[in-house]
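Undergrad: Sharing query34.pdb below, PDB, C-alpha atoms:
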```
ATOM      1  CA  MET R   1     211.861-162.464 -25.534
ATOM      2  CA  ALA R   2     209.155-160.473 -23.794
ATOM      3  CA  VAL R   3     206.525-162.059 -21.596
ATOM      4  CA  THR R   4     203.236-162.797 -23.413
ATOM      5  CA  SER R   5     200.022-162.399 -21.401
ATOM      6  CA  THR R   6     196.658-164.088 -21.859
ATOM      7  CA  THR R   7     193.941-165.672 -19.696
ATOM      8  CA  LEU R   8     192.670-169.179 -19.068
ATOM      9  CA  ALA R   9     189.850-170.105 -21.452
ATOM     10  CA  SER R  10     188.494-172.648 -18.983
ATOM     11  CA  ALA R  11     188.953-173.551 -15.331
ATOM     12  CA  CYS R  12     191.953-175.651 -14.288
ATOM     13  CA  GLY R  13     191.780-178.128 -11.418
ATOM     14  CA  ALA R  14     194.541-178.522  -8.826
ATOM     15  CA  GLY R  15     195.591-181.882 -10.293
ATOM     16  CA  ALA R  16     195.383-180.945 -13.987
ATOM     17  CA  THR R  17     198.411-181.567 -16.196
ATOM     18  CA  THR R  18     197.222-179.210 -18.942
ATOM     19  CA  ILE R  19     195.828-175.683 -19.049
ATOM     20  CA  THR R  20     193.587-174.198 -21.739
ATOM     21  CA  VAL R  21     194.476-170.632 -22.671
ATOM     22  CA  ALA R  22     192.550-168.002 -24.635
ATOM     23  CA  SER R  23     195.543-167.505 -26.962
ATOM     24  CA  ALA R  24     198.536-169.824 -27.343
ATOM     25  CA  THR R  25     200.691-167.230 -29.121
ATOM     26  CA  ASN R  26     204.360-167.573 -28.036
ATOM     27  CA  PHE R  27     203.702-170.663 -25.881
ATOM     28  CA  THR R  28     206.714-172.908 -26.470
ATOM     29  CA  ALA R  29     207.884-176.133 -24.787
ATOM     30  CA  GLY R  30     210.339-175.445 -21.964
ATOM     31  CA  GLN R  31     209.121-171.934 -21.207
ATOM     32  CA  PHE R  32     207.780-170.848 -17.816
ATOM     33  CA  ILE R  33     204.101-170.047 -17.372
ATOM     34  CA  LEU R  34     202.612-168.023 -14.539
ATOM     35  CA  VAL R  35     198.920-168.568 -13.769
ATOM     36  CA  GLU R  36     197.866-166.173 -10.997
ATOM     37  CA  ASN R  37     200.560-166.948  -8.405
ATOM     38  CA  GLU R  38     201.459-170.492  -9.493
ATOM     39  CA  LEU R  39     204.589-171.015 -11.584
ATOM     40  CA  MET R  40     204.480-173.777 -14.214
ATOM     41  CA  GLN R  41     206.638-174.995 -17.095
ATOM     42  CA  GLN R  42     205.377-176.057 -20.501
ATOM     43  CA  THR R  43     206.377-179.701 -21.067
ATOM     44  CA  ALA R  44     205.460-180.233 -24.756
ATOM     45  CA  ALA R  45     204.060-178.502 -27.832
ATOM     46  CA  VAL R  46     200.673-176.802 -27.669
ATOM     47  CA  SER R  47     197.683-178.618 -29.158
ATOM     48  CA  GLY R  48     195.415-175.782 -30.320
ATOM     49  CA  VAL R  49     195.097-173.805 -27.086
ATOM     50  CA  VAL R  50     195.744-176.738 -24.714
ATOM     51  CA  VAL R  51     199.152-176.457 -23.033
ATOM     52  CA  PRO R  52     200.785-179.437 -21.225
ATOM     53  CA  VAL R  53     202.443-178.252 -17.995
ATOM     54  CA  ARG R  54     204.519-179.228 -14.967
ATOM     55  CA  ARG R  55     202.996-177.458 -11.964
ATOM     56  CA  GLY R  56     203.904-175.879  -8.629
ATOM     57  CA  LEU R  57     207.481-174.797  -9.418
ATOM     58  CA  ASP R  58     209.747-172.802  -7.046
ATOM     59  CA  GLY R  59     207.536-173.599  -4.061
ATOM     60  CA  THR R  60     204.366-172.093  -5.535
ATOM     61  CA  VAL R  61     201.082-173.778  -4.645
ATOM     62  CA  GLN R  62     199.571-176.113  -7.239
ATOM     63  CA  GLY R  63     195.964-175.005  -6.964
ATOM     64  CA  ALA R  64     192.748-174.601  -8.912
ATOM     65  CA  HIS R  65     192.356-171.605 -11.226
ATOM     66  CA  ALA R  66     189.091-170.212 -12.599
ATOM     67  CA  ALA R  67     188.317-169.365 -16.210
ATOM     68  CA  SER R  68     189.642-165.875 -17.086
ATOM     69  CA  ALA R  69     192.514-166.188 -14.584
ATOM     70  CA  PHE R  70     195.613-164.209 -15.609
ATOM     71  CA  ALA R  71     198.304-166.275 -17.367
ATOM     72  CA  CYS R  72     201.600-165.370 -19.019
ATOM     73  CA  THR R  73     204.538-167.189 -20.596
ATOM     74  CA  GLY R  74     208.168-166.348 -21.206
ATOM     75  CA  LEU R  75     211.733-167.584 -21.069
ATOM     76  CA  THR R  76     213.175-168.736 -17.766
ATOM     77  CA  SER R  77     215.216-165.506 -17.741
ATOM     78  CA  ASP R  78     211.974-163.484 -17.776
ATOM     79  CA  PHE R  79     211.068-164.763 -14.306
ATOM     80  CA  PRO R  80     213.006-164.134 -11.072
ATOM     81  CA  ASN R  81     215.328-166.885  -9.874
ATOM     82  CA  PRO R  82     215.085-167.833  -6.206
ATOM     83  CA  VAL R  83     218.041-166.749  -4.096
ATOM     84  CA  PRO R  84     218.991-169.377  -1.483
ATOM     85  CA  GLY R  85     217.193-168.599   1.770
ATOM     86  CA  TRP R  86     214.845-166.005   0.224
ATOM     87  CA  PRO R  87     211.265-166.618  -0.930
ATOM     88  CA  VAL R  88     210.212-165.652  -4.448
ATOM     89  CA  VAL R  89     206.701-164.293  -4.904
ATOM     90  CA  TYR R  90     205.026-164.601  -8.290
ATOM     91  CA  GLY R  91     201.781-162.941  -9.277
ATOM     92  CA  PRO R  92     199.451-161.407  -6.708
ATOM     93  CA  CYS R  93     200.878-161.097  -3.218
ATOM     94  CA  ALA R  94     199.846-159.867   0.202
ATOM     95  CA  PRO R  95     200.882-156.387   1.406
ATOM     96  CA  ASP R  96     203.749-157.954   3.353
ATOM     97  CA  GLY R  97     205.119-159.544   0.152
ATOM     98  CA  SER R  98     204.198-163.099   1.119
ATOM     99  CA  ASN R  99     202.301-165.457  -1.146
ATOM    100  CA  ALA R 100     198.590-165.061  -0.605
ATOM    101  CA  ALA R 101     195.691-167.170  -1.743
ATOM    102  CA  SER R 102     194.411-165.972  -5.105
ATOM    103  CA  TYR R 103     190.819-166.101  -6.340
ATOM    104  CA  THR R 104     189.523-165.148  -9.804
ATOM    105  CA  TYR R 105     185.943-164.129 -10.584
ATOM    106  CA  SER R 106     184.720-164.239 -14.191
ATOM    107  CA  ALA R 107     180.991-163.828 -13.425
ATOM    108  CA  ALA R 108     178.979-161.472 -11.235
ATOM    109  CA  GLY R 109     178.340-162.672  -7.685
ATOM    110  CA  ALA R 110     179.760-162.688  -4.181
ATOM    111  CA  ILE R 111     183.416-162.229  -3.312
ATOM    112  CA  SER R 112     184.429-164.749  -0.651
ATOM    113  CA  PRO R 113     185.277-162.769   2.512
ATOM    114  CA  VAL R 114     188.555-164.612   3.056
ATOM    115  CA  PRO R 115     192.132-163.286   3.096
ATOM    116  CA  GLY R 116     193.991-163.133  -0.174
ATOM    117  CA  VAL R 117     193.921-161.496  -3.585
ATOM    118  CA  HIS R 118     190.538-161.444  -5.331
ATOM    119  CA  VAL R 119     190.809-160.725  -9.074
ATOM    120  CA  ILE R 120     187.768-159.579 -11.079
ATOM    121  CA  ASN R 121     188.432-160.592 -14.680
ATOM    122  CA  GLY R 122     185.241-161.266 -16.647
ATOM    123  CA  THR R 123     184.421-160.387 -20.249
ATOM    124  CA  GLY R 124     182.362-157.328 -19.222
ATOM    125  CA  ALA R 125     181.566-155.177 -16.195
ATOM    126  CA  LEU R 126     180.728-157.374 -13.187
ATOM    127  CA  ALA R 127     178.571-156.458 -10.189
ATOM    128  CA  MET R 128     180.156-158.069  -7.131
ATOM    129  CA  THR R 129     179.061-158.119  -3.482
ATOM    130  CA  LEU R 130     181.123-158.403  -0.324
ATOM    131  CA  ALA R 131     179.623-159.433   3.022
ATOM    132  CA  GLY R 132     180.960-157.897   6.216
ATOM    133  CA  PRO R 133     183.686-159.770   8.092
ATOM    134  CA  THR R 134     182.910-161.810  11.193
ATOM    135  CA  GLY R 135     184.453-161.155  14.586
ATOM    136  CA  THR R 136     186.875-164.040  14.085
ATOM    137  CA  GLN R 137     188.216-162.312  10.949
ATOM    138  CA  GLU R 138     189.307-159.169  12.812
ATOM    139  CA  GLY R 139     192.524-157.778  11.285
ATOM    140  CA  MET R 140     192.299-159.924   8.136
ATOM    141  CA  VAL R 141     193.469-158.244   4.883
ATOM    142  CA  LEU R 142     191.618-158.731   1.595
ATOM    143  CA  ILE R 143     192.778-157.294  -1.752
ATOM    144  CA  ILE R 144     190.423-156.775  -4.692
ATOM    145  CA  GLU R 145     191.883-156.185  -8.172
ATOM    146  CA  SER R 146     189.883-155.169 -11.246
ATOM    147  CA  LYS R 147     191.797-156.499 -14.262
ATOM    148  CA  ASN R 148     189.300-156.695 -17.110
ATOM    149  CA  LEU R 149     189.287-152.932 -17.856
ATOM    150  CA  HIS R 150     185.558-152.520 -17.216
ATOM    151  CA  ALA R 151     183.671-150.517 -14.585
ATOM    152  CA  ASN R 152     183.280-153.413 -12.135
ATOM    153  CA  THR R 153     181.422-152.645  -8.905
ATOM    154  CA  VAL R 154     181.928-154.103  -5.438
ATOM    155  CA  THR R 155     179.087-153.435  -2.999
ATOM    156  CA  ALA R 156     179.995-153.950   0.665
ATOM    157  CA  THR R 157     177.344-154.611   3.304
ATOM    158  CA  PRO R 158     177.783-152.899   5.713
ATOM    159  CA  ALA R 159     179.353-149.921   3.883
ATOM    160  CA  TYR R 160     183.140-149.489   3.810
ATOM    161  CA  LEU R 161     184.827-147.634   6.677
ATOM    162  CA  GLY R 162     187.092-144.790   5.606
ATOM    163  CA  ALA R 163     185.246-144.098   2.341
ATOM    164  CA  ALA R 164     182.354-141.777   1.580
ATOM    165  CA  GLY R 165     179.100-143.128   0.201
ATOM    166  CA  THR R 166     176.780-146.063   0.603
ATOM    167  CA  GLY R 167     179.259-148.886   0.117
ATOM    168  CA  ILE R 168     179.686-149.190  -3.642
ATOM    169  CA  ALA R 169     183.211-149.090  -5.077
ATOM    170  CA  THR R 170     183.434-148.732  -8.866
ATOM    171  CA  ALA R 171     186.614-149.530 -10.778
ATOM    172  CA  ALA R 172     187.897-147.245 -13.508
ATOM    173  CA  ALA R 173     187.853-148.635 -17.045
ATOM    174  CA  THR R 174     191.652-148.721 -16.817
ATOM    175  CA  GLY R 175     191.628-151.096 -13.826
ATOM    176  CA  GLY R 176     191.843-150.564 -10.110
ATOM    177  CA  ASN R 177     192.485-152.140  -6.738
ATOM    178  CA  LEU R 178     191.183-151.959  -3.216
ATOM    179  CA  VAL R 179     192.972-153.099  -0.058
ATOM    180  CA  LEU R 180     190.617-153.793   2.848
ATOM    181  CA  LYS R 181     191.141-154.757   6.479
ATOM    182  CA  ALA R 182     188.486-156.263   8.759
ATOM    183  CA  CYS R 183     187.746-153.882  11.609
ATOM    184  CA  GLY R 184     184.773-154.149  13.960
ATOM    185  CA  GLY R 185     182.556-156.087  11.553
ATOM    186  CA  LYS R 186     183.247-153.757   8.603
ATOM    187  CA  TRP R 187     185.832-153.494   5.829
ATOM    188  CA  THR R 188     188.175-150.569   6.408
ATOM    189  CA  VAL R 189     189.781-149.099   3.288
ATOM    190  CA  ILE R 190     193.551-149.064   3.844
ATOM    191  CA  GLY R 191     194.552-148.606   0.209
ATOM    192  CA  VAL R 192     192.816-147.687  -3.021
ATOM    193  CA  SER R 193     193.808-146.943  -6.621
ATOM    194  CA  GLY R 194     191.508-146.487  -9.586
ATOM    195  CA  MET R 195     188.311-147.001  -7.561
ATOM    196  CA  ALA R 196     185.570-144.425  -6.818
ATOM    197  CA  PHE R 197     183.080-144.704  -3.954
ATOM    198  CA  THR R 198     179.367-143.843  -4.120
TER     199      THR R 198
END
```
Is it possible to express this structure as structure tokens?
TA:
Amino acid sequence: MAVTSTTLASACGAGATTITVASATNFTAGQFILVENELMQQTAAVSGVVVPVRRGLDGTVQGAHAASAFACTGLTSDFPNPVPGWPVVYGPCAPDGSNAASYTYSAAGAISPVPGVHVINGTGALAMTLAGPTGTQEGMVLIIESKNLHANTVTATPAYLGAAGTGIATAAATGGNLVLKACGGKWTVIGVSGMAFT
């Protein structure tokens, strides 16, 4: 069976034993579910779009997830099995392959200037802002992913280092990502795909 993707229809707290998905197509008891970078397993039949789950599998962090967070389900064989002594990374990850904190934004506003993967996934184009890093954040890496296939914008103040323009990055309607590193009180662009700067 192929993996089926959807999003969360409502936010999910760290202690929740159910998730509410936008579409429950192909959700079946016993299957694995990936919400951002947390692996879960469906424990019983779906009730409408409410899915009962067992959380934090394979060492993933049982955390809170915002509405519109990426979710997918599939057979256990559709997900990698951990090899003894080796970590398994699900969902968004840091450039070094380690698990990173994951944040989802479904409404326009400020992106938290903290390390991790920041996913923009609203129902339309979102205008986001990003404050400059502090001195104590020097060297920190922040990843921004545009997943909702709209022309999301991320305005950095001060403007990005290593990119032309005034500090506005606009995602292509096919998605995009931006890898930033804190350097001297500004965000330095160290990787970009599907984003244009103005």
Undergrad: Can you list, as a VMD selection string, every protein, DNA or RNA residue that comes within 6 Å of Ala110 in chain R when you count all atoms listed in the file, leaving out same-chain residues fewer than 6 positions away?
TA: chain R and resid 128 to 130
Undergrad: Using all atoms listed in the file, which of R:Ser68, R:Thr157, R:Thr4, R:Ser106 sits nearest Thr20 in chain R?
TA: R:Ser68
Undergrad: Identify which of the residues R:Val61, R:Ala101, R:Val114, R:Val21 lies closest to Thr73 in chain R, counting only C-alpha atoms when measuring atom-to-atom distances.
TA: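 That would be R:Val21, the residue with the smallest distance to Thr73 in chain R.
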Undergrad: When the PyMOL selection byres ((chain R and resi 174) around 9) is applied to the structure above, which residues does it catch, written out as number ranges by chain?
TA: R: 146-151, 171-173, 175-176, 194
Undergrad: Would you output that residue set with C-alpha atoms, as a JSON list (two decimals), in the coordinates of the input?
TA:
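Listed below is the output, again-v5.json:
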```
[["chain", "number", "residue", "atom", "x", "y", "z"],
["R", 146, "SER", "CA", 189.88, -155.17, -11.25],
["R", 147, "LYS", "CA", 191.80, -156.50, -14.26],
["R", 148, "ASN", "CA", 189.30, -156.70, -17.11],
["R", 149, "LEU", "CA", 189.29, -152.93, -17.86],
["R", 150, "HIS", "CA", 185.56, -152.52, -17.22],
["R", 151, "ALA", "CA", 183.67, -150.52, -14.58],
["R", 171, "ALA", "CA", 186.61, -149.53, -10.78],
["R", 172, "ALA", "CA", 187.90, -147.24, -13.51],
["R", 173, "ALA", "CA", 187.85, -148.64, -17.05],
["R", 175, "GLY", "CA", 191.63, -151.10, -13.83],
["R", 176, "GLY", "CA", 191.84, -150.56, -10.11],
["R", 194, "GLY", "CA", 191.51, -146.49, -9.59]]
```
Undergrad: How many Å separate CA of Ala182 in chain R from CA of Gly135 in chain R?
TA: 8.6 Å
Undergrad: Which residues are near Met40 in chain R? Cut-off 12 Å, all atoms listed in the file, ignore same chain within fewer than 3 positions. Put them as an MDAnalysis selection string.
TA: chainID R and resid 16:19 29:37 43 51:63 71:76 79 90
Undergrad: Assuming the chain letters and numbering stay as they are in my file, what does the PyMOL selection byres ((chain R and resi 8-12) around 6) actually select? List them as a list of chain:residue names.
TA: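 Applied to this file, the PyMOL selection byres ((chain R and resi 8-12) around 6) selects R:Thr7, R:Gly13, R:Thr20, R:Val21, R:Ala22, R:Ala64, R:His65, R:Ala66, R:Ala67, R:Ser68, R:Ala69.
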Undergrad: Quick check on the file I pasted: which residues fall under the PyMOL selection byres ((chain R and resi 168) around 9)? Write them as a ChimeraX atom specification.
TA: /R:129,153-156,159-160,165-167,169-170,196-198
Undergrad: Report, in Å to a single decimal, how far apart CA of Ala131 in chain R and CA of Gly162 in chain R are.
TA: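 The value is 16.6 Å.
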Undergrad: Could you give me, as a compact mmCIF listing (two decimals) with C-alpha atoms, in the frame of the given file, the residues within 10 Å of Thr188 in chain R, counting all atoms listed in the file and dropping anything in the same chain fewer than 3 positions from it?
TA:
```txt
# COMPACT_ATOMS: atom_id res chain seq x y z
CA GLY R 139 192.52 -157.78 11.28
CA VAL R 141 193.47 -158.24 4.88
CA ALA R 159 179.35 -149.92 3.88
CA TYR R 160 183.14 -149.49 3.81
CA LEU R 161 184.83 -147.63 6.68
CA GLY R 162 187.09 -144.79 5.61
CA ALA R 163 185.25 -144.10 2.34
CA VAL R 179 192.97 -153.10 -0.06
CA LEU R 180 190.62 -153.79 2.85
CA LYS R 181 191.14 -154.76 6.48
CA ALA R 182 188.49 -156.26 8.76
CA CYS R 183 187.75 -153.88 11.61
CA GLY R 184 184.77 -154.15 13.96
CA GLY R 185 182.56 -156.09 11.55
CA GLY R 191 194.55 -148.61 0.21
```
Undergrad: Which neighbours of Ile143 in chain R fall inside 8 Å, counting all atoms listed in the file, when residues of the same chain fewer than 6 positions from it are skipped, and could you give them as a list in words?
TA: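 Neighbouring residues, sequence-local ones excluded: Ala94, Pro115, Gly116, Val117, His118, Asn177, Leu178, Val179 and Leu180 of chain R.
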Undergrad: Add whatever atoms are absent from range 131-148 of chain R to reach N, CA, C and O atoms, and provide the output as a compact mmCIF listing (two decimals), in the frame of the given file.
TA:
```txt
# COMPACT_ATOMS: atom_id res chain seq x y z
N ALA R 131 180.24 -159.43 1.69
CA ALA R 131 179.62 -159.43 3.02
C ALA R 131 180.62 -158.93 4.05
O ALA R 131 181.83 -159.05 3.87
N GLY R 132 180.10 -158.38 5.14
CA GLY R 132 180.96 -157.90 6.22
C GLY R 132 181.72 -159.04 6.87
O GLY R 132 181.26 -160.18 6.88
N PRO R 133 182.89 -158.73 7.43
CA PRO R 133 183.69 -159.77 8.09
C PRO R 133 183.07 -160.15 9.44
O PRO R 133 182.38 -159.36 10.07
N THR R 134 183.36 -161.36 9.87
CA THR R 134 182.91 -161.81 11.19
C THR R 134 183.92 -161.37 12.25
O THR R 134 185.02 -160.94 11.92
N GLY R 135 183.55 -161.51 13.49
CA GLY R 135 184.45 -161.16 14.59
C GLY R 135 185.74 -161.95 14.57
O GLY R 135 186.79 -161.46 14.95
N THR R 136 185.67 -163.21 14.11
CA THR R 136 186.88 -164.04 14.08
C THR R 136 187.83 -163.64 12.97
O THR R 136 188.95 -164.11 12.92
N GLN R 137 187.38 -162.77 12.06
CA GLN R 137 188.22 -162.31 10.95
C GLN R 137 188.88 -160.97 11.24
O GLN R 137 189.52 -160.39 10.36
N GLU R 138 188.74 -160.47 12.44
CA GLU R 138 189.31 -159.17 12.81
C GLU R 138 190.78 -159.07 12.41
O GLU R 138 191.58 -159.96 12.69
N GLY R 139 191.14 -158.00 11.70
CA GLY R 139 192.52 -157.78 11.28
C GLY R 139 192.90 -158.43 9.97
O GLY R 139 193.99 -158.19 9.45
N MET R 140 192.03 -159.24 9.39
CA MET R 140 192.30 -159.92 8.14
C MET R 140 192.39 -158.91 6.99
O MET R 140 191.65 -157.93 6.97
N VAL R 141 193.31 -159.13 6.04
CA VAL R 141 193.47 -158.24 4.88
C VAL R 141 192.97 -158.95 3.63
O VAL R 141 193.28 -160.12 3.38
N LEU R 142 192.19 -158.23 2.84
CA LEU R 142 191.62 -158.73 1.60
C LEU R 142 191.94 -157.71 0.50
O LEU R 142 191.77 -156.51 0.71
N ILE R 143 192.44 -158.17 -0.64
CA ILE R 143 192.78 -157.29 -1.75
C ILE R 143 191.87 -157.63 -2.93
O ILE R 143 191.70 -158.79 -3.28
N ILE R 144 191.28 -156.59 -3.52
CA ILE R 144 190.42 -156.78 -4.69
C ILE R 144 191.09 -156.06 -5.86
O ILE R 144 191.44 -154.88 -5.75
N GLU R 145 191.28 -156.77 -6.97
CA GLU R 145 191.88 -156.18 -8.17
C GLU R 145 190.91 -156.29 -9.33
O GLU R 145 190.35 -157.36 -9.58
N SER R 146 190.71 -155.19 -10.04
CA SER R 146 189.88 -155.17 -11.25
C SER R 146 190.82 -155.20 -12.44
O SER R 146 191.55 -154.25 -12.68
N LYS R 147 190.82 -156.33 -13.18
CA LYS R 147 191.80 -156.50 -14.26
C LYS R 147 191.19 -156.50 -15.66
O LYS R 147 191.92 -156.50 -16.63
N ASN R 148 189.87 -156.54 -15.77
CA ASN R 148 189.30 -156.70 -17.11
C ASN R 148 189.00 -155.38 -17.80
O ASN R 148 188.38 -155.35 -18.85
```
